>>> print(open('coords13.txt').read())   # compact mmCIF, C-alpha atoms
# COMPACT_ATOMS: atom_id res chain seq x y z
CA MET L 1 -56.87 -33.96 30.92
CA SER L 2 -55.67 -34.53 34.48
CA LEU L 3 -52.40 -33.00 35.68
CA GLU L 4 -50.56 -36.34 35.63
CA LEU L 5 -51.57 -36.84 32.00
CA THR L 6 -50.59 -33.32 30.88
CA LEU L 7 -47.23 -33.67 32.63
CA GLY L 8 -46.66 -37.08 31.05
CA LEU L 9 -47.68 -35.66 27.67
CA THR L 10 -45.25 -32.76 28.09
CA LEU L 11 -42.36 -35.00 29.15
CA ALA L 12 -42.88 -37.33 26.19
CA ALA L 13 -43.23 -34.41 23.76
CA LEU L 14 -39.99 -32.85 25.02
CA LEU L 15 -38.11 -36.14 24.65
CA PHE L 16 -39.54 -36.81 21.18
CA GLU L 17 -38.64 -33.34 19.90
CA ALA L 18 -35.16 -33.37 21.44
CA ALA L 19 -34.43 -36.72 19.82
CA PHE L 20 -36.04 -36.31 16.40
CA GLY L 21 -37.15 -32.71 15.83
CA TYR L 22 -39.82 -32.13 13.21
CA PRO L 23 -39.41 -34.63 10.33
CA SER L 24 -38.28 -33.00 7.08
CA PHE L 25 -40.57 -35.22 5.00
CA LEU L 26 -43.58 -33.89 6.92
CA LEU L 27 -42.38 -30.33 6.48
CA ALA L 28 -42.10 -30.88 2.72
CA ARG L 29 -45.49 -32.55 2.38
CA ILE L 30 -47.84 -30.89 4.85
CA GLY L 31 -45.87 -27.97 6.28
CA HIS L 32 -45.62 -27.14 9.99
CA PRO L 33 -48.29 -26.07 12.53
CA VAL L 34 -46.71 -22.61 12.74
CA MET L 35 -47.06 -22.28 8.97
CA TRP L 36 -50.75 -23.21 9.21
CA ILE L 37 -51.33 -20.68 11.95
CA GLY L 38 -49.36 -18.12 9.93
CA ARG L 39 -51.69 -18.56 6.94
CA LEU L 40 -54.70 -17.80 9.15
CA ILE L 41 -53.01 -14.73 10.61
CA GLY L 42 -51.98 -13.52 7.15
CA TRP L 43 -55.57 -13.94 5.91
CA LEU L 44 -56.92 -11.95 8.86
CA ASP L 45 -54.31 -9.24 8.31
CA ARG L 46 -55.23 -8.90 4.64
CA HIS L 47 -59.00 -8.96 5.08
CA VAL L 48 -59.67 -7.38 8.50
CA ASN L 49 -56.85 -4.85 8.93
CA ARG L 50 -58.08 -1.94 6.78
CA ASP L 51 -55.63 0.92 6.23
CA ALA L 52 -58.45 3.46 6.02
CA ALA L 53 -59.92 2.52 9.42
CA ALA L 54 -59.48 4.72 12.48
CA PRO L 55 -57.02 3.57 15.19
CA ARG L 56 -59.84 2.50 17.53
CA GLU L 57 -61.49 0.45 14.79
CA ARG L 58 -58.18 -1.22 13.97
CA ARG L 59 -57.63 -2.11 17.62
CA LEU L 60 -61.08 -3.68 17.81
CA ALA L 61 -60.41 -5.54 14.56
CA GLY L 62 -57.11 -6.76 16.00
CA LEU L 63 -58.86 -7.91 19.18
CA GLY L 64 -61.38 -9.82 17.06
CA ALA L 65 -58.55 -11.39 15.07
CA LEU L 66 -56.86 -12.47 18.32
CA VAL L 67 -60.08 -14.16 19.46
CA VAL L 68 -60.29 -16.04 16.15
CA ILE L 69 -56.65 -17.15 16.48
CA VAL L 70 -57.15 -18.34 20.07
CA VAL L 71 -60.37 -20.20 19.28
CA ALA L 72 -59.00 -21.80 16.11
CA SER L 73 -55.73 -22.88 17.75
CA GLY L 74 -57.39 -24.15 20.92
CA THR L 75 -60.09 -26.04 19.01
CA ALA L 76 -57.52 -27.73 16.78
CA GLY L 77 -55.47 -28.76 19.82
CA LEU L 78 -58.56 -30.02 21.66
CA LEU L 79 -59.80 -32.08 18.70
CA LEU L 80 -56.38 -33.59 18.06
CA GLN L 81 -55.90 -34.43 21.72
CA GLY L 82 -59.39 -35.92 21.97
CA LEU L 83 -58.82 -38.07 18.88
CA ALA L 84 -55.43 -39.29 20.13
CA MET L 85 -56.85 -40.26 23.51
CA THR L 86 -59.43 -42.56 21.91
CA LEU L 87 -56.61 -44.67 20.43
CA PRO L 88 -54.18 -47.11 22.06
CA LEU L 89 -51.13 -45.33 23.51
CA GLY L 90 -53.08 -42.09 23.15
CA VAL L 91 -50.77 -40.03 25.37
CA LEU L 92 -47.78 -40.96 23.23
CA LEU L 93 -49.66 -40.11 20.04
CA ALA L 94 -50.69 -36.76 21.52
CA ALA L 95 -47.06 -36.21 22.55
CA LEU L 96 -45.90 -36.80 18.99
CA ALA L 97 -48.29 -34.07 17.86
CA GLY L 98 -47.26 -31.83 20.75
CA SER L 99 -43.58 -32.18 19.90
CA SER L 100 -44.24 -30.09 16.77
CA LEU L 101 -45.01 -27.13 19.04
CA LEU L 102 -41.56 -27.25 20.67
CA ALA L 103 -38.23 -26.08 19.22
CA GLN L 104 -35.41 -27.54 21.31
CA ARG L 105 -33.61 -29.34 18.49
CA SER L 106 -34.18 -26.78 15.73
CA LEU L 107 -33.10 -23.88 17.96
CA TYR L 108 -29.84 -25.66 18.76
CA GLN L 109 -29.25 -26.40 15.07
CA PHE L 110 -29.95 -22.87 13.83
CA VAL L 111 -27.77 -21.21 16.46
CA GLY L 112 -25.05 -23.80 16.01
CA ALA L 113 -25.04 -22.99 12.28
CA VAL L 114 -24.11 -19.40 13.14
CA ALA L 115 -21.05 -20.59 15.08
CA ASP L 116 -20.14 -22.88 12.17
CA GLY L 117 -20.52 -19.98 9.72
CA LEU L 118 -18.46 -17.54 11.77
CA GLU L 119 -15.65 -20.05 11.97
CA VAL L 120 -15.56 -20.00 8.15
CA SER L 121 -16.00 -16.27 7.48
CA LEU L 122 -17.91 -13.19 8.59
CA GLU L 123 -20.15 -13.42 5.51
CA GLU L 124 -21.10 -17.01 6.32
CA GLY L 125 -21.87 -15.96 9.88
CA ARG L 126 -24.05 -13.10 8.67
CA ARG L 127 -25.89 -15.42 6.30
CA ALA L 128 -26.60 -17.94 9.05
CA VAL L 129 -27.71 -15.37 11.62
CA SER L 130 -30.11 -13.76 9.13
CA HIS L 131 -32.29 -16.88 9.48
CA ILE L 132 -32.91 -16.34 13.20
CA VAL L 133 -32.90 -12.56 13.83
CA GLY L 134 -34.68 -9.61 12.29
CA ARG L 135 -31.86 -7.09 12.52
CA ASP L 136 -29.75 -5.95 9.56
CA PRO L 137 -27.00 -8.59 9.15
CA ASP L 138 -24.87 -6.37 6.90
CA LYS L 139 -24.33 -3.97 9.81
CA LEU L 140 -22.99 -6.70 12.10
CA ASP L 141 -19.30 -7.35 12.66
CA GLU L 142 -18.10 -10.69 14.03
CA ALA L 143 -18.93 -9.76 17.62
CA GLY L 144 -22.33 -8.44 16.54
CA VAL L 145 -23.19 -11.71 14.78
CA ALA L 146 -22.15 -13.70 17.87
CA ARG L 147 -24.17 -11.48 20.22
CA ALA L 148 -27.23 -11.70 17.94
CA ALA L 149 -27.05 -15.50 17.94
CA ILE L 150 -26.72 -15.67 21.74
CA GLU L 151 -29.60 -13.20 22.25
CA SER L 152 -31.79 -15.24 19.90
CA LEU L 153 -30.86 -18.45 21.71
CA ALA L 154 -31.77 -17.02 25.11
CA GLU L 155 -35.03 -15.38 24.02
CA ASN L 156 -36.20 -18.32 21.93
CA TYR L 157 -35.39 -20.74 24.72
CA SER L 158 -38.15 -18.97 26.61
CA ASP L 159 -40.55 -18.42 23.68
CA GLY L 160 -39.95 -21.61 21.72
CA VAL L 161 -39.25 -24.19 24.41
CA VAL L 162 -40.15 -23.25 27.98
CA ALA L 163 -43.40 -21.38 27.27
CA PRO L 164 -45.08 -24.04 25.07
CA ALA L 165 -43.90 -26.76 27.46
CA LEU L 166 -45.31 -24.84 30.43
CA TRP L 167 -48.70 -24.32 28.81
CA MET L 168 -48.76 -27.94 27.63
CA ALA L 169 -48.11 -29.06 31.21
CA ILE L 170 -50.96 -26.86 32.42
CA ALA L 171 -53.58 -27.42 29.70
CA GLY L 172 -52.38 -30.15 27.34
CA LEU L 173 -52.32 -29.74 23.57
CA PRO L 174 -54.98 -26.95 23.58
CA GLY L 175 -52.85 -24.86 25.94
CA ALA L 176 -49.69 -25.27 23.87
CA ALA L 177 -51.57 -24.66 20.61
CA ILE L 178 -53.15 -21.46 21.91
CA TYR L 179 -49.77 -20.26 23.12
CA LYS L 180 -48.21 -21.00 19.72
CA GLY L 181 -51.01 -19.21 17.91
CA VAL L 182 -50.65 -16.06 20.02
CA ASN L 183 -46.86 -16.10 19.83
CA THR L 184 -46.96 -16.46 16.05
CA ALA L 185 -49.44 -13.59 15.85
CA ASP L 186 -47.09 -11.40 17.88
CA SER L 187 -44.19 -12.21 15.56
CA MET L 188 -46.27 -11.43 12.45
CA ILE L 189 -48.46 -8.47 13.44
CA GLY L 190 -47.19 -7.35 16.85
CA HIS L 191 -44.80 -4.75 15.43
CA ARG L 192 -44.83 -0.99 15.99
CA THR L 193 -45.20 -0.25 12.27
CA ALA L 194 -47.83 2.00 10.75
CA ARG L 195 -49.84 -1.01 9.56
CA HIS L 196 -49.66 -3.08 12.75
CA LEU L 197 -49.32 -0.56 15.58
CA HIS L 198 -53.04 -0.72 16.37
CA PHE L 199 -54.15 -3.95 14.68
CA GLY L 200 -51.44 -6.00 16.40
CA TRP L 201 -51.72 -4.29 19.78
CA ALA L 202 -53.96 -6.94 21.39
CA SER L 203 -51.82 -9.83 20.13
CA ALA L 204 -48.61 -8.17 21.34
CA ARG L 205 -49.99 -7.40 24.81
CA PHE L 206 -51.55 -10.85 25.23
CA ASP L 207 -48.27 -12.45 24.15
CA ASP L 208 -46.45 -10.41 26.80
CA LEU L 209 -48.92 -11.69 29.41
CA ILE L 210 -48.77 -15.40 28.58
CA ASN L 211 -44.97 -15.29 28.25
CA LEU L 212 -44.47 -13.69 31.65
CA PRO L 213 -44.28 -16.90 33.75
CA ALA L 214 -42.12 -18.73 31.20
CA SER L 215 -39.59 -15.90 30.93
CA ARG L 216 -39.02 -15.90 34.68
CA LEU L 217 -38.82 -19.69 34.70
CA SER L 218 -36.35 -19.60 31.79
CA GLY L 219 -34.07 -17.26 33.71
CA ALA L 220 -34.19 -19.59 36.73
CA LEU L 221 -33.46 -22.65 34.59
CA ILE L 222 -30.40 -20.93 33.07
CA VAL L 223 -29.19 -20.07 36.57
CA VAL L 224 -29.46 -23.73 37.62
CA GLY L 225 -28.01 -24.91 34.32
CA ALA L 226 -24.94 -22.73 34.91
CA VAL L 227 -24.06 -24.96 37.87
CA PHE L 228 -23.29 -27.78 35.41
CA VAL L 229 -21.33 -25.82 32.78
CA ARG L 230 -17.61 -25.22 33.25
CA GLY L 231 -16.80 -21.52 33.39
CA ALA L 232 -20.43 -20.44 33.82
CA SER L 233 -21.50 -18.70 37.01
CA PRO L 234 -24.99 -19.04 38.51
CA TRP L 235 -24.25 -16.18 40.90
CA ARG L 236 -23.34 -13.78 38.07
CA ALA L 237 -26.53 -14.86 36.30
CA ILE L 238 -28.63 -13.96 39.35
CA VAL L 239 -26.90 -10.59 39.67
CA ALA L 240 -27.45 -9.83 35.98
CA ILE L 241 -31.15 -10.73 36.17
CA ARG L 242 -31.73 -8.48 39.16
CA ARG L 243 -29.75 -5.59 37.67
CA ASP L 244 -30.47 -5.77 33.94
CA ALA L 245 -33.68 -7.69 33.12
CA GLY L 246 -35.90 -4.66 33.75
CA ARG L 247 -33.82 -2.51 31.37
CA HIS L 248 -34.82 -4.56 28.33
CA ARG L 249 -37.44 -3.03 26.03
CA SER L 250 -39.35 -6.32 26.27
CA PRO L 251 -41.02 -7.10 29.62
CA ASN L 252 -39.97 -10.74 29.24
CA ALA L 253 -36.89 -11.20 27.01
CA GLY L 254 -34.59 -9.52 29.52
CA TRP L 255 -34.88 -12.41 31.99
CA PRO L 256 -33.35 -15.22 29.90
CA GLU L 257 -30.99 -12.83 28.07
CA ALA L 258 -29.64 -11.31 31.29
CA ALA L 259 -29.28 -14.76 32.84
CA MET L 260 -27.39 -16.08 29.81
CA ALA L 261 -25.11 -13.04 29.60
CA GLY L 262 -24.38 -12.94 33.32
CA ALA L 263 -23.65 -16.65 33.53
CA LEU L 264 -21.19 -16.45 30.62
CA GLY L 265 -19.59 -13.14 31.67
CA ILE L 266 -20.55 -11.37 28.42
CA ALA L 267 -22.72 -8.39 27.47
CA ILE L 268 -25.49 -8.66 24.87
CA ALA L 269 -28.43 -6.56 23.58
CA GLY L 270 -27.71 -2.80 23.56
CA PRO L 271 -28.05 -0.76 20.31
CA ARG L 272 -29.22 -2.72 17.23
CA HIS L 273 -30.37 -1.92 13.68
CA TYR L 274 -33.75 -3.16 12.41
CA GLY L 275 -34.79 -2.24 8.87
CA GLY L 276 -32.27 0.58 8.78
CA THR L 277 -33.53 2.03 12.08
CA LEU L 278 -31.37 2.11 15.22
CA SER L 279 -33.07 0.53 18.24
CA VAL L 280 -31.46 1.42 21.57
CA ASP L 281 -31.86 -1.14 24.33
CA GLY L 282 -30.29 -1.78 27.70
CA LEU L 283 -27.25 -4.02 27.99
CA MET L 284 -27.84 -7.47 29.43
CA GLY L 285 -24.82 -8.54 31.46
CA ALA L 286 -23.57 -4.96 31.72
CA GLY L 287 -19.87 -4.89 32.50
CA GLY L 288 -19.27 -8.22 30.78
CA ARG L 289 -17.18 -8.75 27.65
CA TYR L 290 -18.90 -7.17 24.62
CA GLU L 291 -16.57 -8.63 21.96
CA CYS L 292 -18.14 -12.06 21.58
CA THR L 293 -16.94 -14.82 19.25
CA ALA L 294 -18.05 -18.16 17.82
CA ALA L 295 -16.56 -19.78 20.94
CA ASP L 296 -19.02 -17.79 23.06
CA ILE L 297 -21.90 -19.08 20.94
CA ARG L 298 -20.76 -22.63 21.67
CA ARG L 299 -20.53 -21.84 25.39
CA ALA L 300 -24.07 -20.44 25.23
CA LEU L 301 -25.26 -23.61 23.47
CA ALA L 302 -23.72 -25.73 26.24
CA LEU L 303 -25.55 -23.64 28.83
CA TYR L 304 -28.78 -23.91 26.81
CA ARG L 305 -28.53 -27.70 26.76
CA ALA L 306 -27.87 -27.80 30.49
CA ALA L 307 -30.85 -25.54 31.25
CA ASP L 308 -33.05 -27.62 28.95
CA ALA L 309 -31.95 -30.82 30.67
CA VAL L 310 -32.85 -29.26 34.03
CA MET L 311 -36.31 -28.43 32.67
CA VAL L 312 -36.86 -31.98 31.37
CA ALA L 313 -35.76 -33.38 34.74
CA LEU L 314 -38.14 -30.98 36.49
CA VAL L 315 -41.08 -32.08 34.32
CA ALA L 316 -40.17 -35.73 34.90
CA GLY L 317 -40.04 -35.19 38.66
CA LEU L 318 -43.38 -33.39 38.72
CA ALA L 319 -44.93 -36.12 36.57
CA LEU L 320 -43.72 -38.80 38.99
CA VAL L 321 -45.10 -36.87 41.96
CA ALA L 322 -48.44 -36.35 40.19
CA TRP L 323 -48.71 -40.05 39.29
CA TRP L 324 -47.75 -41.10 42.82
>>> encode(input="coords13.txt", output="structure tokens")
Amino acid sequence: MSLELTLGLTLAALLFEAAFGYPSFLLARIGHPVMWIGRLIGWLDRHVNRDAAAPRERRLAGLGALVVIVVASGTAGLLLQGLAMTLPLGVLLAALAGSSLLAQRSLYQFVGAVADGLEVSLEEGRRAVSHIVGRDPDKLDEAGVARAAIESLAENYSDGVVAPALWMAIAGLPGAAIYKGVNTADSMIGHRTARHLHFGWASARFDDLINLPASRLSGALIVVGAVFVRGASPWRAIVAIRRDAGRHRSPNAGWPEAAMAGALGIAIAGPRHYGGTLSVDGLMGAGGRYECTAADIRRALALYRAADAVMVALVAGLALVAWW
């Protein structure tokens, strides 16, 4: 696919997903592409990741599994794109398929549900946030629930929206599908547990690599988006990125999280509990207000929508330039 076609495909996919999301009737009947990829990853984990194997053997097995995931995801995206392009309005049909690899609408809905829950009770907030974060919800107070939701919003803006859109713009459906396959593998087997420390190493490192450009772009988009949100500060966002992004335990998540925290004048990340274990991380937006509320979640959602609108406008502008 030429650059003008991949940019047009990406723009249409972004607009389709923002308007309609992933249809619930399709989810009920055929599932979701991430679920299909997850079944493949789960099968590989069960049949290739042997507990009795030496660490080196498990790393090699994990590398082989990553190759299978990349080839399977890329082939599926290539075949689907090729089929769509043989039909009338092929780019729009490919965009409909590509919209399933984006998460603008669902991310807004899930994070918004946390604000709704917190405004009812702490328990409702904990229940809602448990759907989007892996930390122990029972250990979170109201501020902890709000911070967790804002962190998830910032990180998943990069992982679930900007990164697949970027790779779609570069390489069409195959690029976005490969990204989604690797990112799903990282979320399933890229953990530092006894079972996945070695087997998931290749997936985790490759995910870090392919997320690197999107994380930096996400931070920049949040900075620009802050210009259009009352009370948000693009300058504070820049300062927070430069000061705090490198302190995050993830090489990528610190960029959008620091930008979001700095722009809103809050502090997020820091110490968190996962599976009963305390994980100590650097503060994003250090010096900002740590006691966040449901109102801060709604401010973060407004900033998210502004940053996303900037991205859509950027893709539209690049598509027009490419076509011209």
>>> closest_residue(input="coords13.txt", among="L:Ala143, L:Leu320, L:Met284, L:Ile178", to="Val67 of chain L", atoms="only C-alpha atoms")
L:Ile178
>>> closest_residue(input="coords13.txt", among="L:Gly225, L:Ala269, L:Val162, L:Glu124", to="Arg249 of chain L", atoms="all atoms listed in the file")
L:Ala269
>>> closest_residue(input="coords13.txt", among="L:Ala72, L:Ala306, L:Ala176, L:Met188", to="Val229 of chain L", atoms="all atoms listed in the file")
L:Ala306
>>> atom_distance(input="coords13.txt", atom1="atom CA of Trp201 of chain L", atom2="atom CA of Leu60 of chain L")
9.6 Å
>>> residues_near_point(input="coords13.txt", point="(-56.9, 4.3, 13.8)", cutoff="12 Å", atoms="all atoms listed in the file", output="ChimeraX atom specification")
/L:49-62,194-201
>>> closest_residue(input="coords13.txt", among="L:Ala307, L:Met260, L:Ile41, L:Ala185", to="Gly288 of chain L", atoms="all atoms listed in the file")
L:Met260
>>> residues_near_point(input="coords13.txt", point="(-19.8, -17.4, 33.0)", cutoff="10 Å", atoms="all atoms listed in the file", output="compact mmCIF listing (two decimals) with C-alpha atoms, keeping the file's coordinate frame")
# COMPACT_ATOMS: atom_id res chain seq x y z
CA ALA L 226 -24.94 -22.73 34.91
CA VAL L 227 -24.06 -24.96 37.87
CA VAL L 229 -21.33 -25.82 32.78
CA ARG L 230 -17.61 -25.22 33.25
CA GLY L 231 -16.80 -21.52 33.39
CA ALA L 232 -20.43 -20.44 33.82
CA SER L 233 -21.50 -18.70 37.01
CA PRO L 234 -24.99 -19.04 38.51
CA TRP L 235 -24.25 -16.18 40.90
CA ARG L 236 -23.34 -13.78 38.07
CA ALA L 237 -26.53 -14.86 36.30
CA ALA L 259 -29.28 -14.76 32.84
CA MET L 260 -27.39 -16.08 29.81
CA ALA L 261 -25.11 -13.04 29.60
CA GLY L 262 -24.38 -12.94 33.32
CA ALA L 263 -23.65 -16.65 33.53
CA LEU L 264 -21.19 -16.45 30.62
CA GLY L 265 -19.59 -13.14 31.67
CA ILE L 266 -20.55 -11.37 28.42
CA GLY L 288 -19.27 -8.22 30.78
CA ASP L 296 -19.02 -17.79 23.06
CA ARG L 299 -20.53 -21.84 25.39
CA ALA L 300 -24.07 -20.44 25.23
CA LEU L 303 -25.55 -23.64 28.83
>>> closest_residue(input="coords13.txt", among="L:Val223, L:Met1, L:Ala302, L:Val312", to="Gly112 of chain L", atoms="all atoms listed in the file")
L:Ala302
>>> atom_distance(input="coords13.txt", atom1="atom CA of Ala148 of chain L", atom2="atom CA of Cys292 of chain L")
9.8 Å
